[in-house]
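Remarks on the structure that follows.
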Amino acid sequence: MYLGYSLTPFGHHPRAWEHARNVEKLGFDALLAQVTAAESAGFDFVLLADRLGLRPAETPSSVATPFEPTLLASALASKTPRIGFVAAAAMAQHEPYNLARRFASLDLIGKGRLGWLAIPSGDPARDAEYFDVVTGLWDSYEPDAFLYDKAEGRFFDPEKMHVLNHKGVHFSVRGPLNVNPSPQGRPVVAQVFDGAGAPIAGDVLFLGARSVEDLTAMTEDAVQAVAACGKKRADVRILANLVPVIGETAEAADAASAALAFVEADRAEQPLSGIRIVSTADTIAGRMTELAASLGLDGFTILPPTLDMARLFVADVAPKLARRGSVGEGETLRGRLSLPHLTHPAKEA
Amino acid sequence: MSERHMKLGAFLMAGGHHIAAWRHPDAHADAGSDIAHFIELARIAEAAKFDMIFIEDAAAIRERNADLASQAARSTAFEPLSLLAAIAVNTTHLGIVATASTTYNEPYGLARAFATLDSLSGGRAGWNLVTSASELEAKNFAASGLRPHSERYERAEEFADAALKLWDGVEDGAYLPADGAAFADRTRLHPLHHHGKHFAVDGILDSQRSPQGRPIMVQAGASDVGKELAARTADVVFAASQTIGEAQAYYADVKARLAKYGRAKTDLKVMPGISPIVGATDEEAKAKHRALQELIPDPVGVALLASYLSIQDLSSYPLDGPLPEMPPTNLIQSRQQLIVDLGKREGLSIRELARHFAGARGHWQVVGTPVQIADAMEERFAGGAADGFNVMAPLFPSGLQDFTTLVVPELRRRGLFRDDYEGRTLRQNLGVGAPASR
Ligand SMILES: Cc1cc2nc3c(=O)[nH]c(=O)nc-3n(C[C@H](O)[C@H](O)[C@H](O)COP(=O)(O)O)c2cc1C
């Protein structure tokens with residue numbers, strides 16, 4: 001089972017900040033402390049979902065970090081050796097060259113632990129072309145292109161550099177990228193699965209269904225969408241978003257859940273949604289294992305409703321899940337998620 | 001009034017500023033993609049109490065010809081903002097300045113990125129605003145090619161105004177107000193509603209106001225409109241001046257433009273580039289320089305020389321012969337004239353000229369002892385040519401260490417450079433005015 005941790009300053013509940021009224025929680029050090037705890041608990045990645053690319057018009061959100069997510073990922077990656085980072089960036093807000101370059105650079109800083117949560121623009125044809133450009137730019141150099149041959153004065157092998165020369169309907173991009181190739185071939189690409197027929201370019205799909213019933217249907221749709229775009233099921237990780245409400249006893253969990261009631265107006269503020277499981281740590285771990293097996297999910301992204309629930313999940317639920325043994329330094333995000341090894345197009349004979 | 005101190009920036013670049021630095025036996029050739037290397041350089045600069053580090057930017061490979069590009073370490077690099085985000089949280093006092101283009105970004109996204117750097121660093125970020133003059137960059141963004149200079153600057157003016165207003169849109173204490181009814185205090189948030197010729201921006205940034213109010217604005221334009229934009233908006237200007245005469249003229253020019261905007265001469269710091277090659281003795285410095293010069297591949301040096309001369313190609317002329325006559329139709333630019341004059345005066349061959357200019361990439365180079373280098377800097381600092389310098393070490397880390405361990409103590413002995421940081425923000429250390437928190 002694969003596990004992600006969605007990072008917010010106070011938790012995902014829109015009134016979680018009321019339980020931790022402290023500006024320090026908005027600072028880098030407090031966010032890093034959350035990430036370090038998730039890393040120690042063996043989480044595979046941290047999700048920096050932002051407001052899914054939405055920009056604040058009048059007032060900031062307490063469920064998004066007060067930092068631009070790709071730069072926050074860089075800062076966090078420089079302080080943590082193992083955990084992966086998936087950062088949101090909207091295709092409507094970045095030129096493809098700039099975005100490809102930012103993530104290529106992040107992936108060098110994080111030594112192959114970076115992923116991009118691609119936020120769609122609303123125009124599927126444009127987004128499909130965008131993915132082609134970004135992927136093509138990431139393939140600008142073959143993995144063994146860089147020679148660093150001081151004696152011959154040859155920094156890289158020019159035969160192993162590929163100029164993109166993309167001229168499409170929406171974009172015109174010469175290339176090549178001016179960043180060294182990714183340690184994991186390409187950064188991991190993730191998407192929020194919306195079932196609406198958007199192109200599936202991703203290695204990871206996040207499912208935001210709110211009930212088990214909806215999640216069951218959505219998982220089936222996602223599996224079909226993966227097949228429809230010619231991908232193998234085994235080459236994609238399908239993860240459900242999960243809001244854990246944890247108590248010492250089932251009654252305590254119910255009481256905590258009542259205190260964290262959700263009204264419709266709250267939902268508007270929420271960039272991410274997920275199934276809510278209210279119970280003891282043992283029961284939640286059991287339900288997660290069952291759901292993964294019965295629905296064919298690869299794992300979950302945890303949306304802690306509050307910082308207290310985050311701590312309880314890390315301490316009491318995570319250790320009970322059937323997870324891969326300890327992960328070493330130097331492993332890429334692609335490796336952690338057991339995604340297939342990428343072969344550079346020029347090497348596919 | 002305390003004595004006037006020099007401002008020092010360390011212009012960082014992979015293996016070094018010398019074009020062939022990566023081939024030097026001391027260089028790690030893959031320094032450009034090694035984050036630990038850059039964090040080490042930043043810490044060296046911070047230990048020496050430099051005001052800032054500076055990172056250049058181009059949103060494209062710099063050389064069209066693949067064979068030439070493959071011989072230059074500068075063909076690939078970290079993207080500057082992601083690089084500085086990592087450096088921000090691994091340093092405590094050092095200013096961090098990144099270059100970013102107003103031509104290939106848009107104001108909300110870039111203002112947001114710099115607000116994040118400013119928060120992550122606790123008020124130490126700066127933005128070197130450029131308008132991007134290269135064709136290769138243009139080709140990564142549009143089929144229509146490079147937009148004209150005047151149009152790029154018109155966009156830059158509107159861009160800078162929008163960014164400044166976005167940063168000023170969030171007051172201190174806007175988040176988690178003491179009275180506690182809501183997460184944010186709306187009376188301390190001032191959404192921008194900008195609808196101009198180039199941009200429409202509605203909204204607020206989602207970062208808290210930085211301890212230095214807003215990022216430091218840097219500029220390095222040489223054109224008239226570039227200098228005017230700097231006079232209106234910049235806290236620091238970088239410049240590339242070879243001679244003290246050029247440097248004095250540039251200094252006087254930009255300072256004279258400040259009054260029009262109600263600004264004092266001390267509100268804008270002029271920091272020209274210097275490429276120092278430091279040796280314990282004059283001989284040692286010259287030997288270090290020679291060792292680097294010999295590593296310049298001739299085709300790379302000659303191509304760079306051709307670009308400085310604004311001509312297509314020099315490769316058909318004998319390397320050991322003189323420069324050909326320049327085509328008379330060519331616009332005579334000051335740099336072209338400088339090269340032609342030097343070639344004639346000293347009887348230099350194409351190879352020698354190529355090495356001479358390629359090494360420091362056209363910047364002011366001083367080869368000598370710590371005393372000689374401090375003399376040259378003091379002359380410009382005291383002589384109305386500079387408020388400080390952007391130090392471009394030929395080789396990293398050793399060239400920067402030579403400067404911090406040999407030249408910085410000499411500058412301190414002369415009372416020209418600080419012993420310790422004045423404050424925690426870049427604005428405090430530069431001593432430029434704080435913008436009023438609204
Ligand atoms: C020290 C220094 C550093 C510069 N760094 C960059 C850079 O990183 N990227 C860039 O596009 N231009 C850079 N420039 C160029 C200028 O900022 C400016 O864009 C260029 O001179 C064109 O503007 P102008 O027409 O006003 O001179 C630099 C200039 C100097 C002097």
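Ordering of the structure tokens sets the chain letters (A, B, ...), residue numbers begin anew at 1 in every chain, and ligands are numbered from 1 in the order given.
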Practice item. Write out as an MDAnalysis selection string each polymer residue whose atoms come within 12 Å of Val317 of chain A, counting only C-alpha atoms; drop sequence neighbours fewer than 5 positions from it. Key: chainID A and resid 3 38 41:43 244:248 279:289 302 309:312 322:323
Exercise for review: Kindly compile the residues surrounding ligand 1 within 8 Å, counting only C-alpha atoms and all ligand atoms, and format them as number ranges by chain.
Suggested key: B: 55-58, 99-101, 128-134, 149, 219-227, 238-240, 272-273, 390
Once you have the residues from the selection above, write them out as a CSV table (one decimal), in the first residue's frame, restricted to C-alpha atoms.
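In the end it all went to again.csv:
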chain,number,residue,atom,x,y,z
B,55,ILE,CA,21.9,33.9,-9.9
B,56,GLU,CA,21.5,34.7,-13.6
B,57,ASP,CA,18.8,33.3,-15.9
B,58,ALA,CA,18.0,32.4,-19.4
B,99,THR,CA,17.0,36.9,-12.2
B,100,ALA,CA,13.6,36.5,-13.8
B,101,SER,CA,12.1,37.8,-17.0
B,128,ASN,CA,16.8,41.0,-10.9
B,129,LEU,CA,14.3,42.1,-13.4
B,130,VAL,CA,15.3,41.4,-17.0
B,131,THR,CA,13.5,41.7,-20.3
B,132,SER,CA,15.3,38.9,-22.1
B,133,ALA,CA,17.0,39.9,-25.4
B,134,SER,CA,17.8,36.5,-26.9
B,149,HIS,CA,12.9,46.2,-27.3
B,219,GLN,CA,18.1,45.8,-12.5
B,220,ALA,CA,21.0,45.6,-15.0
B,221,GLY,CA,19.7,47.3,-18.1
B,222,ALA,CA,22.1,49.4,-20.1
B,223,SER,CA,19.6,51.1,-22.4
B,224,ASP,CA,17.9,54.4,-21.7
B,225,VAL,CA,14.5,52.9,-20.9
B,226,GLY,CA,16.3,50.3,-18.8
B,227,LYS,CA,18.1,52.9,-16.7
B,238,PHE,CA,24.4,45.7,-11.7
B,239,ALA,CA,26.5,47.0,-14.5
B,240,ALA,CA,29.2,45.7,-16.8
B,272,PRO,CA,29.3,46.6,-11.1
B,273,GLY,CA,30.7,43.2,-11.8
B,390,ASN,CA,29.1,41.9,-7.8
Study note, to complete from the structure: Correct to one decimal, the distance atom CA of Leu68 of chain B-atom CA of Thr135 of chain A is 25.1 Å
**Study point:** Gln293 of chain B environment, 8 Å, only C-alpha atoms, sequence neighbours closer than 2 positions dropped, as a list in words
**Key:**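 Residues meeting the cut-off are Ala20, His289, Arg290, Ala291, Leu295, Ile296, Arg355, His356 and Gly359 of chain B.
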Check your understanding: segment 173-183 of chain A: which residues within 7 Å, counting only C-alpha atoms, same-chain residues fewer than 4 positions away excluded, as a ChimeraX atom specification?
Key -> /A:101,104-105,107-108,111-112,137-138,140-141,143,162-167,187 /B:33,60-61,75-78,139-142
Kindly assemble as CSV a list of the chain A residues that lie within 7 Å of chain B, each paired with its nearest atom pair and their distance in Å to one decimal, using only C-alpha atoms, sorted first by chain and then by ascending residue number.
residue,atom,partner,partner_atom,distance
A:Arg21,CA,B:Leu176,CA,6.9
A:Val23,CA,B:Leu176,CA,6.6
A:Phe28,CA,B:Leu120,CA,6.5
A:Pro56,CA,B:Gly203,CA,5.9
A:Ala57,CA,B:Gly203,CA,3.8
A:Glu58,CA,B:Gly203,CA,5.9
A:Thr59,CA,B:Ala184,CA,6.7
A:Pro60,CA,B:Asp206,CA,5.4
A:Ser62,CA,B:Phe183,CA,6.7
A:Pro66,CA,B:Ser207,CA,4.6
A:Phe67,CA,B:Thr116,CA,5.1
A:Glu68,CA,B:Thr116,CA,5.9
A:Leu71,CA,B:Ser82,CA,5.5
A:Ser74,CA,B:Ala86,CA,5.4
A:Ala75,CA,B:Ala86,CA,4.3
A:Ser78,CA,B:Ala86,CA,5.7
A:Tyr97,CA,B:Asn140,CA,6.5
A:Arg101,CA,B:Glu79,CA,6.5
A:Arg102,CA,B:Glu79,CA,5.9
A:Ser105,CA,B:Phe78,CA,5.2
A:Leu106,CA,B:Ser82,CA,6.3
A:Leu108,CA,B:Ser33,CA,6.5
A:Ile109,CA,B:Ile35,CA,5.7
A:Tyr148,CA,B:Ala29,CA,5.7
A:Lys150,CA,B:Arg23,CA,4.6
A:Gly153,CA,B:Gln71,CA,5.8
A:Arg154,CA,B:Gln71,CA,4.8
A:Phe155,CA,B:Gln71,CA,5.1
A:Phe156,CA,B:Ser70,CA,5.0
A:Asp157,CA,B:Ser70,CA,6.3
A:Pro158,CA,B:Ser70,CA,5.5
A:Phe171,CA,B:Ala142,CA,6.9
A:Ser172,CA,B:Ala142,CA,5.2
A:Val173,CA,B:Asn140,CA,4.1
A:Arg174,CA,B:Asn140,CA,5.1
A:Gly175,CA,B:Asn140,CA,6.1
A:Pro176,CA,B:Ile61,CA,6.8
A:Leu177,CA,B:Ala60,CA,6.6
A:Asn178,CA,B:Thr76,CA,4.4
A:Val179,CA,B:Thr76,CA,4.6
A:Asn180,CA,B:Thr76,CA,6.1
Exercise for review: Name all residues at most 7 Å from Val366 of chain B (count only C-alpha atoms; drop same-chain ones fewer than 3 positions away) and give them as a ChimeraX atom specification.
Suggested key: /B:275-277,373
Could you save the residues just selected, with all heavy atoms, as a PDB file, in the first residue's frame?
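Result went into out_3.pdb, see below:
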ATOM      1  N   SER B 275      35.657  40.556 -11.914  1.00  0.00           N
ATOM      2  CA  SER B 275      36.130  39.186 -11.981  1.00  0.00           C
ATOM      3  C   SER B 275      37.556  39.149 -11.430  1.00  0.00           C
ATOM      4  O   SER B 275      38.501  39.511 -12.110  1.00  0.00           O
ATOM      5  CB  SER B 275      36.089  38.739 -13.447  1.00  0.00           C
ATOM      6  OG  SER B 275      36.644  37.472 -13.564  1.00  0.00           O
ATOM      7  N   PRO B 276      37.719  38.792 -10.156  1.00  0.00           N
ATOM      8  CA  PRO B 276      39.041  38.862  -9.531  1.00  0.00           C
ATOM      9  C   PRO B 276      39.800  37.529  -9.637  1.00  0.00           C
ATOM     10  O   PRO B 276      39.249  36.468  -9.344  1.00  0.00           O
ATOM     11  CB  PRO B 276      38.700  39.152  -8.069  1.00  0.00           C
ATOM     12  CG  PRO B 276      37.367  38.494  -7.856  1.00  0.00           C
ATOM     13  CD  PRO B 276      36.685  38.355  -9.202  1.00  0.00           C
ATOM     14  N   ILE B 277      41.029  37.591 -10.055  1.00  0.00           N
ATOM     15  CA  ILE B 277      41.882  36.399  -9.982  1.00  0.00           C
ATOM     16  C   ILE B 277      42.986  36.722  -8.985  1.00  0.00           C
ATOM     17  O   ILE B 277      43.857  37.556  -9.237  1.00  0.00           O
ATOM     18  CB  ILE B 277      42.432  36.027 -11.373  1.00  0.00           C
ATOM     19  CG1 ILE B 277      41.233  35.754 -12.300  1.00  0.00           C
ATOM     20  CG2 ILE B 277      43.376  34.812 -11.270  1.00  0.00           C
ATOM     21  CD1 ILE B 277      41.538  35.103 -13.612  1.00  0.00           C
ATOM     22  N   ILE B 373      44.054  44.104  -5.788  1.00  0.00           N
ATOM     23  CA  ILE B 373      42.618  44.008  -6.075  1.00  0.00           C
ATOM     24  C   ILE B 373      41.841  44.979  -5.185  1.00  0.00           C
ATOM     25  O   ILE B 373      40.943  45.687  -5.656  1.00  0.00           O
ATOM     26  CB  ILE B 373      42.141  42.552  -5.922  1.00  0.00           C
ATOM     27  CG1 ILE B 373      42.733  41.724  -7.079  1.00  0.00           C
ATOM     28  CG2 ILE B 373      40.612  42.462  -5.933  1.00  0.00           C
ATOM     29  CD1 ILE B 373      42.522  40.237  -6.984  1.00  0.00           C
TER      30      ILE B 373
END
Practice item. Using DSSP on the backbone coordinates, identify all residues within segment 232-369 of chain B classified as strand (DSSP E or B); present the result as a ChimeraX atom specification. Key: /B:236-239,269-278,365-368
Check your understanding: How would you write, as a PyMOL selection string, the set of residues in segment 81-252 of chain A that DSSP gives as helix (DSSP H, G or I)?
Key -> chain A and resi 96-109+124-138+158-160+212-228+233-235+250-252
Export C-alpha atoms of the chosen residues as an mmCIF file, in the first residue's frame?
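Writing the result to again_33.cif gives the following:
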data_model
loop_
_atom_site.group_PDB
_atom_site.id
_atom_site.type_symbol
_atom_site.label_atom_id
_atom_site.label_comp_id
_atom_site.auth_asym_id
_atom_site.auth_seq_id
_atom_site.Cartn_x
_atom_site.Cartn_y
_atom_site.Cartn_z
ATOM 1 C CA PRO A 96 5.253 24.808 -20.688
ATOM 2 C CA TYR A 97 8.957 25.632 -21.044
ATOM 3 C CA ASN A 98 8.986 27.319 -17.627
ATOM 4 C CA LEU A 99 7.089 24.479 -15.995
ATOM 5 C CA ALA A 100 9.247 21.736 -17.517
ATOM 6 C CA ARG A 101 12.322 23.641 -16.413
ATOM 7 C CA ARG A 102 11.075 24.235 -12.869
ATOM 8 C CA PHE A 103 10.289 20.555 -12.290
ATOM 9 C CA ALA A 104 13.494 19.354 -13.951
ATOM 10 C CA SER A 105 15.383 21.631 -11.595
ATOM 11 C CA LEU A 106 13.360 20.518 -8.557
ATOM 12 C CA ASP A 107 14.059 16.926 -9.443
ATOM 13 C CA LEU A 108 17.815 17.592 -9.397
ATOM 14 C CA ILE A 109 17.511 19.383 -6.046
ATOM 15 C CA PRO A 124 -8.423 18.934 -22.919
ATOM 16 C CA ALA A 125 -6.833 19.390 -26.353
ATOM 17 C CA ARG A 126 -4.572 22.142 -25.094
ATOM 18 C CA ASP A 127 -3.629 20.055 -22.054
ATOM 19 C CA ALA A 128 -2.783 17.034 -24.203
ATOM 20 C CA GLU A 129 -0.429 19.196 -26.260
ATOM 21 C CA TYR A 130 0.990 20.712 -23.066
ATOM 22 C CA PHE A 131 1.861 17.225 -21.747
ATOM 23 C CA ASP A 132 3.593 16.386 -25.038
ATOM 24 C CA VAL A 133 5.715 19.534 -24.852
ATOM 25 C CA VAL A 134 6.683 19.043 -21.214
ATOM 26 C CA THR A 135 7.528 15.369 -21.714
ATOM 27 C CA GLY A 136 9.488 16.171 -24.862
ATOM 28 C CA LEU A 137 11.487 18.836 -23.018
ATOM 29 C CA TRP A 138 12.239 16.427 -20.177
ATOM 30 C CA PRO A 158 25.854 16.606 -28.736
ATOM 31 C CA GLU A 159 24.440 13.474 -30.422
ATOM 32 C CA LYS A 160 22.543 12.757 -27.206
ATOM 33 C CA VAL A 212 -17.380 4.336 -0.417
ATOM 34 C CA GLU A 213 -20.123 3.980 -2.999
ATOM 35 C CA ASP A 214 -18.802 6.858 -5.078
ATOM 36 C CA LEU A 215 -15.247 5.642 -4.608
ATOM 37 C CA THR A 216 -16.163 2.216 -5.937
ATOM 38 C CA ALA A 217 -17.633 3.720 -9.100
ATOM 39 C CA MET A 218 -14.808 6.218 -9.489
ATOM 40 C CA THR A 219 -12.141 3.521 -9.179
ATOM 41 C CA GLU A 220 -13.828 1.539 -11.944
ATOM 42 C CA ASP A 221 -13.950 4.661 -14.130
ATOM 43 C CA ALA A 222 -10.294 5.381 -13.456
ATOM 44 C CA VAL A 223 -9.250 1.836 -14.369
ATOM 45 C CA GLN A 224 -11.223 2.125 -17.605
ATOM 46 C CA ALA A 225 -9.784 5.552 -18.402
ATOM 47 C CA VAL A 226 -6.258 4.187 -17.929
ATOM 48 C CA ALA A 227 -6.977 1.340 -20.343
ATOM 49 C CA ALA A 228 -8.669 3.691 -22.802
ATOM 50 C CA ARG A 233 -3.009 -0.750 -15.116
ATOM 51 C CA ALA A 234 0.258 -1.764 -13.430
ATOM 52 C CA ASP A 235 1.974 1.364 -14.736
ATOM 53 C CA ALA A 250 -15.290 4.346 18.535
ATOM 54 C CA GLU A 251 -17.360 6.700 20.735
ATOM 55 C CA ALA A 252 -14.485 9.133 21.107
#
Exercise for review: Using only C-alpha atoms, pick whichever of B:Met217, B:Leu342, B:Ser349, B:Ser307 has the shortest atom-to-atom distance to Gly321 of chain B.
Suggested key: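 Going through B:Met217, B:Leu342, B:Ser349, B:Ser307 one by one, the smallest distance to Gly321 of chain B is for B:Ser349.
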Exercise for review: Name the closest residue to Gly4 of chain A among the candidates A:Val204, A:Ile277, A:Ile119, A:Leu54; distances are taken between atoms, counting only C-alpha atoms.
Suggested key: A:Val204
Check your understanding: Of the residues B:His5, B:Gly423, B:Ala231, B:Asp179, which is the one nearest to Glu18 of chain A, using only C-alpha atoms?
Key ->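 Looking only at the distances to Glu18 of chain A, the closest residue turns out to be B:Asp179.
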Point to revise | Residues near Gln191 of chain A, cut-off 6 Å, only C-alpha atoms, skip fewer than 4 positions along chain, as an MDAnalysis selection string | key: chainID A and resid 117:118 202 205
